[in-house]
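Peer 1: File name model.cif; file contents mmCIF, C-alpha atoms; full text below.
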```cif
data_coords
#
loop_
_atom_site.label_atom_id
_atom_site.label_comp_id
_atom_site.auth_asym_id
_atom_site.auth_seq_id
_atom_site.Cartn_x
_atom_site.Cartn_y
_atom_site.Cartn_z
CA ARG A 1 -50.66 -191.15 36.06
CA GLN A 2 -47.21 -192.19 34.92
CA TRP A 3 -47.28 -189.51 32.21
CA SER A 4 -48.30 -186.83 34.71
CA PHE A 5 -45.78 -187.96 37.30
CA LEU A 6 -42.89 -187.73 34.83
CA SER A 7 -43.93 -184.99 32.43
CA ILE A 8 -45.08 -182.32 34.88
CA PRO A 9 -41.78 -182.04 36.83
CA VAL A 10 -39.79 -182.00 33.57
CA ALA A 11 -42.09 -179.34 32.13
CA VAL A 12 -41.79 -177.23 35.28
CA LEU A 13 -37.98 -177.45 35.18
CA VAL A 14 -37.65 -176.57 31.48
CA ALA A 15 -40.28 -173.84 31.68
CA SER A 16 -38.63 -172.27 34.73
CA ILE A 17 -35.29 -172.19 32.90
CA LEU A 18 -36.74 -170.77 29.69
CA GLY A 19 -39.04 -168.40 31.54
CA SER A 20 -36.29 -166.98 33.72
CA THR A 21 -36.83 -163.57 32.13
CA HIS A 22 -39.74 -163.19 34.54
CA CYS A 23 -37.49 -164.06 37.47
CA ILE A 24 -34.91 -161.51 36.32
CA THR A 25 -37.56 -158.81 36.00
CA MET A 26 -38.96 -159.42 39.49
CA CYS A 27 -36.00 -160.78 41.44
CA GLY A 28 -33.00 -159.50 39.47
CA PRO A 29 -32.64 -156.23 41.40
CA ILE A 30 -32.74 -158.11 44.71
CA ALA A 31 -30.13 -160.59 43.45
CA ILE A 32 -27.90 -157.68 42.44
CA THR A 33 -28.35 -156.08 45.88
CA VAL A 34 -27.31 -159.30 47.60
CA ASN A 35 -24.37 -159.85 45.27
CA ASN A 36 -23.07 -156.27 45.56
CA SER A 37 -23.57 -155.76 49.28
CA SER A 38 -22.86 -159.18 50.78
CA GLY A 39 -21.79 -161.66 48.14
CA TYR A 40 -23.62 -164.57 49.82
CA MET A 41 -25.61 -165.63 46.75
CA SER A 42 -25.84 -169.24 47.93
CA LEU A 43 -27.61 -168.14 51.11
CA TYR A 44 -29.92 -165.96 49.03
CA HIS A 45 -30.89 -168.97 46.91
CA ILE A 46 -31.37 -171.13 50.02
CA GLY A 47 -33.70 -168.44 51.38
CA ARG A 48 -35.77 -168.52 48.18
CA LEU A 49 -35.86 -172.31 48.36
CA ILE A 50 -37.22 -172.18 51.92
CA SER A 51 -40.05 -169.92 50.76
CA TYR A 52 -40.85 -172.08 47.74
CA LEU A 53 -40.91 -175.25 49.83
CA ILE A 54 -43.29 -173.59 52.30
CA LEU A 55 -45.56 -172.42 49.50
CA GLY A 56 -45.46 -175.84 47.83
CA THR A 57 -46.22 -177.70 51.04
CA LEU A 58 -49.13 -175.38 51.86
CA ALA A 59 -50.48 -175.79 48.34
CA GLY A 60 -50.26 -179.58 48.64
CA LEU A 61 -51.96 -179.53 52.05
CA LEU A 62 -54.72 -177.35 50.64
CA GLY A 63 -55.26 -179.78 47.80
CA GLU A 64 -55.07 -182.78 50.12
CA THR A 65 -57.68 -181.24 52.42
CA PHE A 66 -60.21 -180.19 49.80
CA LEU A 67 -59.47 -182.42 46.81
CA SER A 68 -58.26 -185.67 48.38
CA ASN A 69 -61.13 -188.01 47.66
CA ASN A 70 -61.47 -191.40 46.00
CA SER A 71 -64.29 -190.03 43.91
CA PRO A 72 -63.43 -190.12 40.19
CA VAL A 73 -65.09 -186.72 39.86
CA ILE A 74 -62.57 -185.17 42.28
CA SER A 75 -59.66 -186.87 40.49
CA THR A 76 -60.90 -185.56 37.16
CA ILE A 77 -61.24 -182.04 38.57
CA SER A 78 -57.68 -182.20 39.94
CA ILE A 79 -56.21 -183.30 36.61
CA ALA A 80 -58.26 -180.68 34.79
CA LEU A 81 -57.11 -177.93 37.17
CA ILE A 82 -53.38 -178.51 36.78
CA SER A 83 -53.78 -178.95 33.00
CA ILE A 84 -55.77 -175.72 32.70
CA PHE A 85 -53.19 -173.81 34.75
CA PHE A 86 -50.43 -175.08 32.48
CA ILE A 87 -52.36 -174.09 29.36
CA TYR A 88 -53.29 -170.70 30.86
CA THR A 89 -49.70 -169.93 31.82
CA GLY A 90 -48.43 -171.08 28.43
CA TYR A 91 -50.95 -168.89 26.63
CA LYS A 92 -49.94 -165.85 28.70
CA LEU A 93 -46.28 -166.42 27.87
CA VAL A 94 -46.88 -166.95 24.15
CA VAL A 95 -48.97 -163.78 23.71
CA GLY A 96 -46.73 -161.74 26.00
CA LYS A 97 -49.36 -160.86 28.59
CA PRO A 98 -48.37 -160.27 32.24
CA LEU A 99 -48.83 -163.18 34.61
CA GLU A 100 -49.58 -161.08 37.68
CA PHE A 101 -53.11 -161.75 38.86
CA LEU A 102 -52.70 -161.70 42.63
CA PRO A 103 -53.37 -158.78 45.02
CA SER A 104 -49.74 -157.69 44.69
CA LYS A 105 -50.13 -154.52 46.75
CA THR A 106 -51.46 -156.47 49.72
CA ILE A 107 -48.68 -159.05 49.61
CA SER A 108 -46.01 -156.39 49.07
CA SER A 109 -47.20 -154.46 52.11
CA LEU A 110 -47.02 -157.61 54.25
CA ILE A 111 -43.42 -158.37 53.29
CA SER A 112 -42.10 -154.79 53.24
CA LYS A 113 -41.29 -154.79 56.97
CA PRO A 114 -39.37 -158.10 56.89
CA ALA A 115 -37.48 -156.78 53.85
CA ARG A 116 -36.44 -153.61 55.69
CA TRP A 117 -35.40 -155.68 58.71
CA SER A 118 -33.28 -157.90 56.44
CA LEU A 119 -31.35 -154.94 55.06
CA SER A 120 -30.24 -153.94 58.55
CA GLN A 121 -28.80 -157.34 59.47
CA SER A 122 -25.32 -158.81 59.09
CA ARG A 123 -24.34 -159.93 55.60
CA PRO A 124 -25.09 -163.68 55.90
CA VAL A 125 -28.42 -163.08 57.69
CA LYS A 126 -29.26 -160.35 55.20
CA SER A 127 -28.66 -162.66 52.23
CA LEU A 128 -30.72 -165.52 53.69
CA THR A 129 -33.65 -163.40 54.86
CA LEU A 130 -33.78 -161.38 51.64
CA GLY A 131 -34.00 -164.68 49.80
CA ILE A 132 -36.88 -165.81 52.02
CA VAL A 133 -38.71 -162.50 51.51
CA ASN A 134 -37.97 -162.67 47.79
CA GLY A 135 -39.66 -166.06 47.59
CA PHE A 136 -42.95 -164.62 48.82
CA LEU A 137 -43.00 -161.70 46.37
CA PRO A 138 -46.28 -161.47 44.42
CA CYS A 139 -44.77 -162.83 41.22
CA GLY A 140 -47.37 -164.39 38.93
CA TRP A 141 -44.73 -166.66 37.39
CA VAL A 142 -44.19 -168.31 40.80
CA TYR A 143 -47.73 -168.31 42.10
CA ILE A 144 -49.21 -169.78 38.95
CA PHE A 145 -47.22 -172.93 39.74
CA VAL A 146 -48.15 -172.73 43.42
CA ILE A 147 -51.84 -172.66 42.54
CA GLY A 148 -51.36 -175.43 40.00
CA ALA A 149 -49.58 -177.49 42.68
CA VAL A 150 -52.79 -177.54 44.73
CA ALA A 151 -54.14 -180.04 42.22
CA THR A 152 -51.41 -182.56 43.09
CA LYS A 153 -53.19 -183.17 46.42
CA ASN A 154 -49.84 -184.20 47.91
CA PRO A 155 -47.72 -181.87 50.10
CA LEU A 156 -44.48 -183.75 49.37
CA TYR A 157 -45.00 -183.89 45.60
CA SER A 158 -46.19 -180.27 45.59
CA ALA A 159 -43.10 -179.12 47.50
CA GLY A 160 -41.02 -181.16 45.05
CA LEU A 161 -42.52 -179.29 42.12
CA LEU A 162 -41.63 -175.95 43.70
CA PHE A 163 -38.11 -177.27 44.39
CA ILE A 164 -37.77 -178.11 40.70
CA PHE A 165 -39.10 -174.67 39.78
CA TRP A 166 -36.52 -173.08 42.11
CA LEU A 167 -33.77 -175.19 40.57
CA GLY A 168 -34.60 -173.84 37.12
CA THR A 169 -34.41 -170.23 38.31
CA VAL A 170 -31.00 -170.50 39.99
CA PRO A 171 -28.82 -170.19 36.82
CA ALA A 172 -30.47 -166.99 35.59
CA LEU A 173 -30.43 -165.22 38.94
CA SER A 174 -26.88 -166.35 39.67
CA ALA A 175 -25.51 -165.18 36.34
CA PHE A 176 -27.52 -161.97 36.14
CA PRO A 177 -26.46 -159.38 35.07
CA TYR A 178 -23.46 -161.00 33.39
CA ILE A 179 -24.20 -163.83 30.93
CA TYR A 180 -27.99 -164.00 31.03
CA LYS A 181 -28.45 -160.26 30.64
CA LYS A 182 -26.85 -160.43 27.18
CA ILE A 183 -28.79 -163.54 26.19
CA PHE A 184 -32.20 -162.32 27.36
CA LYS A 185 -31.64 -158.86 25.92
CA ARG A 186 -31.43 -160.42 22.46
CA ALA A 187 -34.19 -162.99 22.59
CA PRO A 188 -36.38 -162.75 25.72
CA ARG A 189 -39.61 -163.24 23.78
CA ARG A 190 -38.36 -166.37 22.03
CA LEU A 191 -37.48 -168.02 25.33
CA ALA A 192 -40.82 -167.03 26.86
CA ILE A 193 -42.70 -168.38 23.83
CA ALA A 194 -40.76 -171.66 24.01
CA ALA A 195 -41.66 -172.03 27.70
CA GLY A 196 -45.29 -171.22 26.93
CA VAL A 197 -45.55 -173.74 24.10
CA LEU A 198 -44.05 -176.45 26.33
CA LEU A 199 -46.60 -175.81 29.08
CA ILE A 200 -49.50 -175.80 26.61
CA ILE A 201 -48.34 -179.13 25.14
CA VAL A 202 -48.10 -180.78 28.57
CA GLY A 203 -51.47 -179.40 29.63
CA LEU A 204 -53.20 -180.61 26.45
CA ALA A 205 -51.45 -183.99 26.67
CA ASN A 206 -52.71 -184.48 30.23
CA ILE A 207 -56.25 -183.65 29.16
CA THR A 208 -56.01 -186.00 26.17
CA ILE A 209 -54.61 -188.92 28.17
CA HIS A 210 -56.64 -188.60 31.37
CA LEU A 211 -59.90 -186.87 30.49
CA LEU A 212 -60.84 -187.93 26.97
CA PRO A 213 -62.46 -191.34 26.33
CA ASN A 214 -59.94 -194.14 25.92
CA ASN A 215 -60.57 -195.37 22.40
CA ASN A 216 -57.96 -198.10 22.66
CA HIS A 217 -59.68 -199.57 25.69
CA HIS A 218 -63.03 -199.43 23.86
CA ASN A 219 -61.60 -201.14 20.79
CA THR A 220 -60.06 -203.87 22.95
CA GLN A 221 -63.39 -204.58 24.60
CA HIS A 222 -65.13 -204.62 21.22
CA SER A 223 -62.59 -207.07 19.83
CA HIS A 224 -63.00 -209.30 22.89
CA HIS A 225 -66.78 -209.40 22.33
CA ILE A 226 -66.32 -210.45 18.69
CA HIS A 227 -64.03 -213.36 19.62
#
```
Just dump the structure as structure tokens.
Peer 2:
Amino acid sequence: RQWSFLSIPVAVLVASILGSTHCITMCGPIAITVNNSSGYMSLYHIGRLISYLILGTLAGLLGETFLSNNSPVISTISIALISIFFIYTGYKLVVGKPLEFLPSKTISSLISKPARWSLSQSRPVKSLTLGIVNGFLPCGWVYIFVIGAVATKNPLYSAGLLFIFWLGTVPALSAFPYIYKKIFKRAPRRLAIAAGVLLIIVGLANITIHLLPNNNHHNTQHSHHIH
């Protein structure tokens, strides 16, 4: 539990920083629009944070409702789910496959009207609401962590994970297209692979620590019997 509690947030933060190429691809044009037309980038980021916190809280509530049980079977399933999602995401990043697996057309149609409304508002409102709409975009890189957060079974912890994910995306979207554009243009695949490897390691480590038989515990019991 201690390993999961510490390693998962750190992995999410590092992966979100290294995997910011996905954020730039999906959200970069919106960030440029906000920067060029209003200049309120901080409000844009706050808007994205609001969306991520909502998604994280809903994911945690979903997990709490359906997975919150003292049964060891449910606990094992929860650990396995978040580990599998980490490994799955890492694999996708390493091999360069797209992460989008959601009904993107459906989600895009639902948020198109709020997006158009945002563009017609005053500059501060426009920046904030575009950020909120941006946060709900059907981006596989975001929603893979949202789905994985369900396994935490805790709305507060789940929202915290999405906050950490948001924190890792802020530098890339703030600096785009200035500093990060040059960096990612040279080595986007290397950064994506690094993020993928990190997620795979954390996922496998969680499985090894929580789901495989504890040999040390077995050896201790065996030694106790001998004495």
Peer 1: Rounded to one decimal in Å, what is the spacing between atom CA of A:Ser20 and atom CA of A:Leu58?
Peer 2: 23.8 Å
Peer 1: What does the distance between atom CA of A:Leu130 and atom CA of A:Ser37 come to in Å, to one decimal place?
Peer 2: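 So the answer is 11.9 Å.
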Peer 1: Within 8 Å of A:Ser158, counting only C-alpha atoms, which residues qualify if same-chain residues fewer than 2 places away don't, as a VMD selection string?
Peer 2: chain A and resid 56 to 57 59 to 60 149 to 150 152 to 156 160 to 162
Peer 1: When you count all atoms listed in the file, which of these residues is closest to A:Gly135: A:Ile164, A:Leu119, A:Ile54, A:Ile82?
Peer 2: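 Among the listed residues, A:Ile54 lies closest to A:Gly135.
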Peer 1: Hey, which of A:Leu13, A:Ile132, A:Leu18, A:Met41 ends up closest to A:Ala175? Count only C-alpha atoms.
Peer 2: A:Met41
Peer 1: Mind telling me what the PyMOL selection byres ((chain A and resi 168) around 10) catches here, as a ChimeraX atom specification?
Peer 2: /A:12-20,162-167,169-173
Peer 1: Rounded to one decimal place, report the atom CA of A:Arg123-atom CA of A:Ser42 distance in Å.
Peer 2: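 Distance reported for this atom pair: 12.2 Å.
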Peer 1: Using all atoms listed in the file, pick whichever of A:Ile207, A:Ala195, A:Leu62, A:Ala115 has the shortest atom-to-atom distance to A:Tyr91.
Peer 2: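 Nearest to A:Tyr91: A:Ala195.
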Peer 1: Taking the file as shown, what set of residues would the PyMOL selection byres ((chain A and resi 199) around 10) give back, as a PDB file with C-alpha atoms, in the frame of the given file?
Peer 2:
```pdb
ATOM      1  CA  ILE A   8     -45.080-182.320  34.880  1.00  0.00           C
ATOM      2  CA  ALA A  11     -42.090-179.340  32.130  1.00  0.00           C
ATOM      3  CA  VAL A  12     -41.790-177.230  35.280  1.00  0.00           C
ATOM      4  CA  VAL A  14     -37.650-176.570  31.480  1.00  0.00           C
ATOM      5  CA  ALA A  15     -40.280-173.840  31.680  1.00  0.00           C
ATOM      6  CA  SER A  83     -53.780-178.950  33.000  1.00  0.00           C
ATOM      7  CA  ILE A  84     -55.770-175.720  32.700  1.00  0.00           C
ATOM      8  CA  PHE A  85     -53.190-173.810  34.750  1.00  0.00           C
ATOM      9  CA  PHE A  86     -50.430-175.080  32.480  1.00  0.00           C
ATOM     10  CA  ILE A  87     -52.360-174.090  29.360  1.00  0.00           C
ATOM     11  CA  TYR A  88     -53.290-170.700  30.860  1.00  0.00           C
ATOM     12  CA  THR A  89     -49.700-169.930  31.820  1.00  0.00           C
ATOM     13  CA  GLY A  90     -48.430-171.080  28.430  1.00  0.00           C
ATOM     14  CA  TYR A  91     -50.950-168.890  26.630  1.00  0.00           C
ATOM     15  CA  LEU A  93     -46.280-166.420  27.870  1.00  0.00           C
ATOM     16  CA  ILE A 193     -42.700-168.380  23.830  1.00  0.00           C
ATOM     17  CA  ALA A 194     -40.760-171.660  24.010  1.00  0.00           C
ATOM     18  CA  ALA A 195     -41.660-172.030  27.700  1.00  0.00           C
ATOM     19  CA  GLY A 196     -45.290-171.220  26.930  1.00  0.00           C
ATOM     20  CA  VAL A 197     -45.550-173.740  24.100  1.00  0.00           C
ATOM     21  CA  LEU A 198     -44.050-176.450  26.330  1.00  0.00           C
ATOM     22  CA  ILE A 200     -49.500-175.800  26.610  1.00  0.00           C
ATOM     23  CA  ILE A 201     -48.340-179.130  25.140  1.00  0.00           C
ATOM     24  CA  VAL A 202     -48.100-180.780  28.570  1.00  0.00           C
ATOM     25  CA  GLY A 203     -51.470-179.400  29.630  1.00  0.00           C
ATOM     26  CA  LEU A 204     -53.200-180.610  26.450  1.00  0.00           C
ATOM     27  CA  ALA A 205     -51.450-183.990  26.670  1.00  0.00           C
TER      28      ALA A 205
END
```
Peer 1: Nearest residue to A:Thr208 out of A:Ala192, A:Ile79, A:Cys139, A:Leu53, using all atoms listed in the file?
Peer 2: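 Among A:Ala192, A:Ile79, A:Cys139, A:Leu53, it is A:Ile79 that comes nearest to A:Thr208.
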Peer 1: Enumerate, as a ChimeraX atom specification, the residues matched when the PyMOL selection byres ((chain A and resi 134) around 9) is run on the file above.
Peer 2: /A:26-27,30,44,47-48,51,111,115,129-133,135-137
